[in-house]
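The data block below is protein.txt; it holds compact mmCIF, C-alpha atoms.
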# COMPACT_ATOMS: atom_id res chain seq x y z
CA ASN A 1 99.97 114.64 119.00
CA ASP A 2 102.86 115.96 116.91
CA LYS A 3 103.35 112.60 115.18
CA VAL A 4 99.86 111.13 114.85
CA SER A 5 96.65 112.71 113.61
CA ALA A 6 93.35 111.10 112.69
CA PHE A 7 89.91 112.10 111.50
CA LEU A 8 86.43 110.61 111.26
CA GLN A 9 83.66 112.20 109.20
CA GLY A 10 80.11 111.15 108.49
CA GLY A 11 77.00 112.53 106.91
CA ILE A 12 73.37 111.59 106.32
CA SER A 13 71.20 113.00 103.56
CA GLN A 14 67.67 112.53 102.35
CA GLN A 15 66.43 113.33 98.87
CA GLY A 16 62.79 113.47 97.89
CA PHE A 17 61.60 112.74 94.35
CA GLN A 18 58.23 113.58 92.84
CA ARG A 19 57.15 113.50 89.21
CA VAL A 20 54.50 115.84 87.74
CA ASP A 21 53.06 115.12 84.27
CA TYR A 22 50.45 117.49 82.79
CA PHE A 23 50.26 115.72 79.42
CA LEU A 24 49.51 112.04 80.01
CA TYR A 25 47.36 112.22 83.12
CA VAL A 26 44.14 113.74 84.34
CA PRO A 27 44.54 116.42 87.06
CA GLU A 28 43.98 114.12 90.01
CA ASP A 29 46.74 111.74 88.81
CA GLN A 30 49.34 114.24 87.55
CA LYS A 31 51.50 114.16 90.68
CA THR A 32 53.13 111.14 92.22
CA ASP A 33 53.69 110.66 95.91
CA TRP A 34 57.04 111.79 97.26
CA GLU A 35 59.65 109.05 97.22
CA ASN A 36 62.11 109.84 100.02
CA ILE A 37 65.47 108.10 99.85
CA LEU A 38 68.09 108.01 102.57
CA GLY A 39 71.80 108.21 101.76
CA GLY A 40 75.03 109.12 103.44
CA ASN A 41 78.74 108.67 103.82
CA VAL A 42 81.41 107.86 106.35
CA LYS A 43 85.15 108.40 106.02
CA GLY A 44 88.15 108.04 108.26
CA GLY A 45 91.90 108.49 108.03
CA LEU A 46 95.16 108.27 109.91
CA ASN A 47 98.42 110.18 109.36
CA TYR A 48 101.82 109.50 110.91
CA ASN A 49 104.77 111.92 110.76
CA PHE A 50 108.07 110.04 110.92
CA THR A 51 109.95 113.34 111.02
CA ASP A 52 109.25 116.95 110.16
CA ARG A 53 109.77 115.99 106.51
CA HIS A 54 108.28 112.51 106.08
CA ASN A 55 104.72 111.30 106.59
CA VAL A 56 102.47 108.39 105.61
CA TYR A 57 98.69 108.24 105.65
CA VAL A 58 95.76 105.91 105.00
CA ASN A 59 92.14 106.89 104.26
CA GLY A 60 88.99 104.88 103.69
CA GLY A 61 85.38 105.75 103.00
CA TYR A 62 81.95 104.48 102.03
CA TYR A 63 79.26 106.49 100.22
CA SER A 64 75.64 105.50 99.64
CA LYS A 65 74.52 107.77 96.80
CA GLN A 66 70.88 108.29 95.93
CA PRO A 67 69.98 107.36 92.33
CA ALA A 68 69.24 109.93 89.66
CA PHE A 69 65.65 110.96 88.91
CA GLY A 70 65.61 108.93 85.69
CA SER A 71 66.26 105.66 87.50
CA ILE A 72 63.29 106.18 89.86
CA PHE A 73 60.68 107.02 87.21
CA ILE A 74 62.29 105.08 84.39
CA ASN A 75 59.77 105.10 81.53
CA ASN A 76 58.91 108.80 81.31
CA LYS A 77 55.68 108.08 83.15
CA ASN A 78 54.57 108.34 86.74
CA ASP A 79 55.33 104.66 87.28
CA LEU A 80 57.76 104.00 90.11
CA ASN A 81 60.68 101.70 89.42
CA PRO A 82 60.23 98.93 92.00
CA THR A 83 63.89 97.89 91.87
CA PHE A 84 65.74 101.20 92.23
CA GLN A 85 68.59 101.26 94.72
CA ASN A 86 71.36 103.54 95.93
CA GLU A 87 74.74 103.49 94.24
CA LYS A 88 77.49 102.24 96.54
CA ILE A 89 81.00 103.66 96.44
CA MET A 90 83.87 102.41 98.58
CA GLY A 91 87.36 103.86 98.36
CA PHE A 92 90.76 103.46 100.00
CA GLU A 93 93.96 105.54 99.77
CA LEU A 94 97.49 104.94 100.94
CA GLY A 95 100.08 107.67 100.60
CA TYR A 96 103.49 109.07 101.43
CA GLY A 97 104.64 112.68 101.60
CA TYR A 98 107.96 114.53 101.79
CA ARG A 99 108.56 118.23 102.53
CA SER A 100 111.73 120.31 102.60
CA GLN A 101 112.59 123.96 102.13
CA LYS A 102 113.05 123.57 98.38
CA ALA A 103 111.06 120.49 97.41
CA SER A 104 107.91 118.50 98.10
CA PHE A 105 106.83 115.07 96.92
CA ASN A 106 103.58 113.10 97.24
CA LEU A 107 102.82 109.48 96.35
CA ASN A 108 99.27 108.12 96.47
CA LEU A 109 97.75 104.69 95.77
CA TYR A 110 93.98 104.39 95.47
CA ARG A 111 91.24 101.82 94.95
CA THR A 112 87.61 102.84 94.40
CA GLU A 113 84.74 100.46 93.72
CA TRP A 114 81.50 101.93 92.36
CA ASN A 115 78.54 99.53 92.28
CA ASP A 116 74.88 99.52 91.18
CA ARG A 117 75.13 102.35 88.68
CA PHE A 118 72.16 103.10 86.41
CA LEU A 119 72.47 103.87 82.69
CA ARG A 120 69.91 104.74 80.02
CA ARG A 121 70.89 104.09 76.41
CA ALA A 122 69.10 103.88 73.04
CA TYR A 123 69.64 100.68 71.07
CA ASP A 124 67.87 98.77 68.29
CA GLY A 125 64.93 101.20 68.17
CA PHE A 126 64.22 101.03 71.88
CA THR A 127 65.37 102.77 75.03
CA TYR A 128 67.01 100.46 77.55
CA ASN A 129 67.40 101.09 81.25
CA PHE A 130 70.49 99.21 82.40
CA THR A 131 71.02 98.47 86.08
CA GLY A 132 73.73 96.80 88.14
CA ILE A 133 76.71 98.44 86.41
CA ASN A 134 79.84 98.06 88.53
CA GLU A 135 83.21 99.79 88.09
CA LEU A 136 86.61 99.36 89.70
CA HIS A 137 89.15 102.22 89.64
CA MET A 138 92.71 101.58 90.82
CA GLY A 139 95.88 103.55 90.31
CA ILE A 140 98.95 105.33 91.54
CA GLU A 141 99.67 109.07 91.46
CA ALA A 142 102.79 111.10 92.18
CA ASP A 143 103.58 114.81 92.12
CA VAL A 144 106.70 116.83 92.85
CA ASN A 145 107.47 120.53 93.32
CA TYR A 146 111.03 121.87 93.28
CA LYS A 147 112.28 125.42 93.78
CA PRO A 148 116.08 125.46 93.38
CA VAL A 149 116.29 129.27 93.59
CA ASP A 150 113.83 131.96 94.57
CA ASN A 151 112.88 132.91 91.01
CA LEU A 152 112.54 129.44 89.46
CA ARG A 153 110.01 126.69 90.18
CA PHE A 154 109.44 123.24 88.63
CA ASN A 155 106.45 120.98 89.15
CA ALA A 156 105.46 117.65 87.64
CA MET A 157 102.96 114.84 88.12
CA VAL A 158 102.13 111.40 86.76
CA SER A 159 99.00 109.30 87.18
CA VAL A 160 98.66 105.67 86.09
CA GLY A 161 95.23 104.10 86.40
CA ASP A 162 93.44 100.84 85.65
CA TRP A 163 89.69 101.49 85.47
CA TYR A 164 87.31 98.81 84.20
CA TYR A 165 83.82 97.37 84.57
CA LYS A 166 83.20 94.36 86.79
CA GLY A 167 80.61 91.86 85.61
CA ASN A 168 77.81 92.40 83.11
CA ALA A 169 74.61 94.48 83.23
CA GLU A 170 71.03 93.89 82.12
CA GLY A 171 68.54 96.34 80.65
CA THR A 172 64.78 96.49 80.07
CA ALA A 173 63.44 97.94 76.80
CA TYR A 174 60.83 100.68 76.37
CA ASP A 175 59.28 101.74 73.07
CA ASP A 176 58.59 105.28 71.82
CA ASN A 177 55.30 105.35 73.73
CA THR A 178 57.22 104.64 76.96
CA ASN A 179 55.53 101.26 77.31
CA GLU A 180 57.66 98.47 78.69
CA VAL A 181 58.56 95.93 76.05
CA LEU A 182 58.94 92.31 77.02
CA SER A 183 62.56 92.39 76.00
CA THR A 184 65.81 92.49 77.91
CA LYS A 185 69.34 93.09 76.74
CA GLU A 186 72.57 92.09 78.43
CA LEU A 187 75.66 94.26 78.23
CA PHE A 188 78.84 92.20 78.31
CA LEU A 189 81.03 94.64 80.18
CA ASN A 190 83.24 92.47 82.33
CA GLU A 191 86.82 93.87 82.25
CA VAL A 192 85.90 96.47 79.59
CA LYS A 193 87.85 99.69 80.18
CA VAL A 194 85.97 102.72 81.51
CA GLY A 195 85.96 105.53 78.95
CA ASN A 196 85.97 109.33 78.71
CA ALA A 197 88.98 109.90 80.99
CA ALA A 198 92.66 109.27 80.24
CA GLN A 199 93.99 106.53 82.50
CA PHE A 200 97.58 107.67 82.01
CA THR A 201 98.41 111.36 82.40
CA ALA A 202 101.68 113.18 82.92
CA PHE A 203 102.48 116.86 83.30
CA TYR A 204 105.39 119.21 83.88
CA GLY A 205 105.52 122.95 84.39
CA ILE A 206 108.15 125.67 84.74
CA GLU A 207 107.68 129.16 86.18
CA TRP A 208 110.45 131.74 85.90
CA LYS A 209 110.32 135.15 87.56
CA ALA A 210 112.52 136.97 85.09
CA PHE A 211 112.60 140.14 87.21
CA LYS A 212 110.52 141.74 89.93
CA ASN A 213 106.76 141.31 89.35
CA PHE A 214 107.28 139.74 85.89
CA SER A 215 107.04 135.99 85.32
CA LEU A 216 106.87 133.51 82.45
CA ASP A 217 105.45 130.01 82.65
CA TRP A 218 105.30 126.94 80.43
CA SER A 219 103.55 123.61 80.94
CA GLN A 220 102.95 120.47 78.92
CA SER A 221 100.65 117.51 79.49
CA PHE A 222 100.57 114.01 77.99
CA ASN A 223 97.40 111.88 77.85
CA ASP A 224 97.15 108.19 77.00
CA LYS A 225 94.97 105.14 77.72
CA LEU A 226 91.89 107.16 76.78
CA TYR A 227 88.95 104.96 75.81
CA ALA A 228 85.59 105.56 74.16
CA ALA A 229 82.40 105.84 76.20
CA LEU A 230 80.01 102.99 76.91
CA TYR A 231 77.90 102.67 73.75
CA ALA A 232 75.31 99.91 74.26
CA GLU A 233 75.29 98.70 70.65
CA ASN A 234 78.98 97.72 70.89
CA PHE A 235 78.62 95.48 73.95
CA THR A 236 75.61 93.26 73.31
CA ALA A 237 77.77 90.36 72.07
CA GLU A 238 79.88 88.29 74.43
CA ASP A 239 82.82 88.37 72.02
CA ASN A 240 82.91 92.19 71.74
CA LYS A 241 86.29 93.84 71.24
CA GLY A 242 86.07 95.97 74.36
CA ALA A 243 86.43 99.73 74.54
CA LEU A 244 88.06 101.59 71.65
CA ARG A 245 91.42 103.08 72.64
CA LEU A 246 91.82 106.60 71.28
CA PRO A 247 95.11 108.14 70.09
CA SER A 248 97.34 109.67 72.73
CA TYR A 249 98.07 113.39 72.59
CA SER A 250 100.21 116.09 74.21
CA LEU A 251 99.25 119.72 74.81
CA ALA A 252 101.40 122.72 75.72
CA ASP A 253 100.34 125.96 77.43
CA ALA A 254 102.26 129.20 78.00
CA GLY A 255 101.65 132.37 79.95
CA VAL A 256 103.08 135.70 81.05
CA SER A 257 102.18 137.78 84.13
CA TYR A 258 103.04 141.24 85.41
CA LYS A 259 101.96 142.93 88.61
CA PHE A 260 101.94 146.65 89.46
CA ASP A 261 102.45 147.28 93.17
CA LEU A 262 100.12 150.04 94.33
CA GLY A 263 101.22 150.07 97.95
CA ASP A 264 99.45 149.09 101.17
CA LYS A 265 99.07 145.46 100.00
CA MET A 266 97.28 146.55 96.84
CA GLY A 267 98.26 145.47 93.34
CA LEU A 268 97.09 145.22 89.75
CA LYS A 269 98.01 141.96 87.99
CA PHE A 270 97.89 141.47 84.21
CA ARG A 271 97.88 137.94 82.79
CA PHE A 272 98.03 136.58 79.23
CA ASN A 273 97.77 132.84 78.58
CA VAL A 274 97.79 130.63 75.47
CA ASN A 275 96.33 127.13 75.63
CA ASN A 276 97.34 124.42 73.15
CA VAL A 277 100.21 126.53 71.85
CA PHE A 278 100.92 124.28 68.85
CA ASP A 279 97.25 124.02 67.83
CA THR A 280 97.37 120.23 68.20
CA LEU A 281 94.47 118.32 66.60
CA TYR A 282 93.30 115.53 68.90
CA ILE A 283 90.27 113.45 69.83
CA SER A 284 88.99 114.28 73.31
CA GLU A 285 86.21 111.64 73.46
CA SER A 286 84.20 109.15 71.43
CA ASP A 287 80.63 107.96 71.93
CA THR A 288 81.11 104.81 69.81
CA ASN A 289 83.49 101.85 69.77
CA ASN A 290 83.83 100.97 66.09
CA PHE A 291 87.09 99.17 65.37
CA VAL A 292 89.12 99.09 62.18
CA THR A 293 88.46 95.97 60.09
CA SER A 294 89.86 94.56 56.87
CA SER A 295 87.03 96.25 54.95
CA SER A 296 87.36 99.64 56.64
CA ASP A 297 87.40 102.43 54.09
CA THR A 298 88.94 105.39 55.91
CA THR A 299 90.84 105.84 59.14
CA TRP A 300 92.45 108.72 61.01
CA ARG A 301 95.41 107.96 63.27
CA GLY A 302 94.31 104.35 63.38
CA ILE A 303 90.68 105.15 64.26
CA LYS A 304 87.80 104.22 61.97
CA THR A 305 86.19 107.44 60.75
CA ASN A 306 82.58 106.34 61.27
CA ASN A 307 83.00 106.82 65.03
CA LEU A 308 81.04 109.63 66.67
CA ILE A 309 83.87 111.64 68.24
CA ASN A 310 84.59 115.09 69.60
CA PHE A 311 87.80 116.92 68.78
CA GLY A 312 89.44 118.90 71.56
CA TYR A 313 89.88 122.66 71.49
CA GLY A 314 92.50 124.10 69.17
CA ARG A 315 94.69 127.05 70.14
CA THR A 316 92.88 129.49 72.44
CA TRP A 317 94.03 132.47 74.46
CA ASN A 318 92.75 134.58 77.30
CA ALA A 319 93.75 137.79 79.04
CA SER A 320 92.79 138.98 82.51
CA VAL A 321 93.27 141.83 84.93
CA ARG A 322 93.07 141.27 88.70
CA PHE A 323 93.00 143.85 91.47
CA ASP A 324 94.23 142.78 94.92
CA PHE A 325 93.53 144.76 98.06

As structure tokens:
Amino acid sequence: NDKVSAFLQGGISQQGFQRVDYFLYVPEDQKTDWENILGGNVKGGLNYNFTDRHNVYVNGGYYSKQPAFGSIFINNKNDLNPTFQNEKIMGFELGYGYRSQKASFNLNLYRTEWNDRFLRRAYDGFTYNFTGINELHMGIEADVNYKPVDNLRFNAMVSVGDWYYKGNAEGTAYDDNTNEVLSTKELFLNEVKVGNAAQFTAFYGIEWKAFKNFSLDWSQSFNDKLYAALYAENFTAEDNKGALRLPSYSLADAGVSYKFDLGDKMGLKFRFNVNNVFDTLYISESDTNNFVTSSSDTTWRGIKTNNLINFGYGRTWNASVRFDF
């Protein structure tokens, strides 16, 4: 009805995996049998409109995700992994929304648990296949849009997350000849932060239509609580220092647009945009978790310089032309 709406969605999928190896096997053994794996998802939600302006909602879902090819044939041979299993993902959302003629606001709380992940990593001269990796992602997000007058618009958002691993994981070693080695390695991951994505982000933007068909825009983002990726060598001791926290950074973008009206709903729009206006130098990700020690020789912004990192893009620009009809 006008106040209550609900949805229920489900899906079933099947993926088939077969490995073909022309190098290690004679012709009659080059192809494996098909390994067919069933997966699927189900999701439901409920929304309630208090008034024309206020609403609350709740969503929940479960996803059984088929494993990647490398976790089914794990040693680069046609040997089937007898212990492969689907990854399981369960998520919940709770939110509130507000709408008016000039403003809108959304608030969202989420909790997502991702279990039985598979990871392949090189360590100590061997390749390890780690199984049973579990993650928990929780957080709160908010965004707002405000248009005080017809030619001026503000928008902003903030996201605060707490993403970490739950429990430890165990891996089996393989040598360079893809033979299983009678060796296992435990990754001590419990409560280690998940890396490669900032767990605190904030953003604001302004768009001003200076005169008909001509507009200027400016936006700036802030990124913090960014951690290094899971590097096996750093987590084989129970007293590891956790994930390396990378320096925070802020980036600004600017753009200008102009549109020629050609009549009959047709138009030609020109756009010029500059990303990272101030050419900020920042670390976007790190593959290692090497911490500063008393004997550290060189550091950069508090980070030991023997880490394997990627810098983000410097100043870039782009121009475009779009024809609407």

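Each of A:Arg322, A:Arg153, A:Lys241, A:Arg117 was compared to A:Gly205 using only C-alpha atoms, and A:Arg153 turns out to be the nearest.
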
Computed gap from atom CA of A:Gly16 to atom CA of A:Asn76 is 17.7 Å

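Going from atom CA of A:Phe278 over to atom CA of A:Asp253, you cover 8.8 Å.
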
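Shortest separation to A:Ser71 among A:Leu230, A:Val277, A:Val26, A:Leu119 occurs at residue A:Leu119, atoms counted being all atoms listed in the file.
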
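In this comparison, which uses all atoms listed in the file, the residue of A:Glu180, A:Asp52, A:Asp79, A:Glu141 approaching A:Gly95 most closely is A:Glu141.
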
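Here atom CA of A:Phe69 and atom CA of A:Arg121 stand 15.2 Å from one another.
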
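Minimum atom-to-atom distance to A:Phe105, evaluated using all atoms listed in the file, belongs to A:Ala156 out of A:Asp287, A:Phe73, A:Ala156, A:Lys88.
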
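When all atoms listed in the file are used to compute distances to A:Trp114, the closest of the residues A:Gln85, A:Gln101, A:Ser64, A:Asn196 turns out to be A:Ser64.
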
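Minimum distance to A:His137 across A:Lys193, A:Arg271, A:Lys77, A:Lys209 (counting all atoms listed in the file) occurs at A:Lys193.
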
Spatial neighbours of A:Phe211, max dist 12 Å, all atoms listed in the file, sep filter under 4 positions, as a ChimeraX atom specification | /A:150-152,215-216,257-259

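Applying the 10 Å criterion to (74.3, 107.0, 101.7) in file coordinates and using only C-alpha atoms, one obtains the residues Gly10, Gly11, Ile12, Ser13, Gln14, Ile37, Leu38, Gly39, Gly40, Asn41, Val42, Tyr62, Tyr63, Ser64, Lys65, Gln66, Asn86, Glu87, Lys88 and Ile89 of chain A.
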
How about saving the chosen residues, C-alpha atoms kept, as a CSV table (one decimal), in the coordinates of the input?
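Below is the file again-v5.csv, written as the result:
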chain,number,residue,atom,x,y,z
A,10,GLY,CA,80.1,111.2,108.5
A,11,GLY,CA,77.0,112.5,106.9
A,12,ILE,CA,73.4,111.6,106.3
A,13,SER,CA,71.2,113.0,103.6
A,14,GLN,CA,67.7,112.5,102.4
A,37,ILE,CA,65.5,108.1,99.8
A,38,LEU,CA,68.1,108.0,102.6
A,39,GLY,CA,71.8,108.2,101.8
A,40,GLY,CA,75.0,109.1,103.4
A,41,ASN,CA,78.7,108.7,103.8
A,42,VAL,CA,81.4,107.9,106.4
A,62,TYR,CA,82.0,104.5,102.0
A,63,TYR,CA,79.3,106.5,100.2
A,64,SER,CA,75.6,105.5,99.6
A,65,LYS,CA,74.5,107.8,96.8
A,66,GLN,CA,70.9,108.3,95.9
A,86,ASN,CA,71.4,103.5,95.9
A,87,GLU,CA,74.7,103.5,94.2
A,88,LYS,CA,77.5,102.2,96.5
A,89,ILE,CA,81.0,103.7,96.4

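For A:Gln18, the set of protein, DNA and RNA residues having any atom at most 10 Å away, when counting all atoms listed in the file and skipping those fewer than 4 positions along the same chain, is Lys31, Thr32, Asp33, Trp34, Glu35, Asn36, Phe69, Ile72, Phe73, Asn78 and Leu80 of chain A.
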
Write out as a PyMOL selection string the residues lying within 12 Å of A:Phe270, counting all atoms listed in the file and excluding same-chain residues fewer than 3 positions away.
-> chain A and resi 213-215+255-261+267+273+318-324

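By all atoms listed in the file, and with residues fewer than 3 positions from A:Asp224 along its chain excluded, the set lying at most 9 Å from it is Ala198, Gln199, Phe200, Thr201, Ala202, Tyr227, Arg245, Leu246, Pro247, Ser248, Tyr249 and Ser250 of chain A.
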
Where is the centre and how long are the edges: axis-aligned box on stretch 212-220 of chain A, 8 Å on each side, Å to one decimal, as JSON:
{"center_x": 106.7, "center_y": 131.1, "center_z": 84.4, "size_x": 23.6, "size_y": 37.3, "size_z": 27.0}

Using all atoms listed in the file, can you list as a ChimeraX atom specification the residues within 7 Å of (109.5, 117.5, 93.0)?
-> /A:103-105,143-146,155-156

How would the residues just chosen look if you wrote them out with C-alpha atoms as a PDB file, in the frame of the given file?
ATOM      1  CA  ALA A 103     111.060 120.490  97.410  1.00  0.00           C
ATOM      2  CA  SER A 104     107.910 118.500  98.100  1.00  0.00           C
ATOM      3  CA  PHE A 105     106.830 115.070  96.920  1.00  0.00           C
ATOM      4  CA  ASP A 143     103.580 114.810  92.120  1.00  0.00           C
ATOM      5  CA  VAL A 144     106.700 116.830  92.850  1.00  0.00           C
ATOM      6  CA  ASN A 145     107.470 120.530  93.320  1.00  0.00           C
ATOM      7  CA  TYR A 146     111.030 121.870  93.280  1.00  0.00           C
ATOM      8  CA  ASN A 155     106.450 120.980  89.150  1.00  0.00           C
ATOM      9  CA  ALA A 156     105.460 117.650  87.640  1.00  0.00           C
TER      10      ALA A 156
END
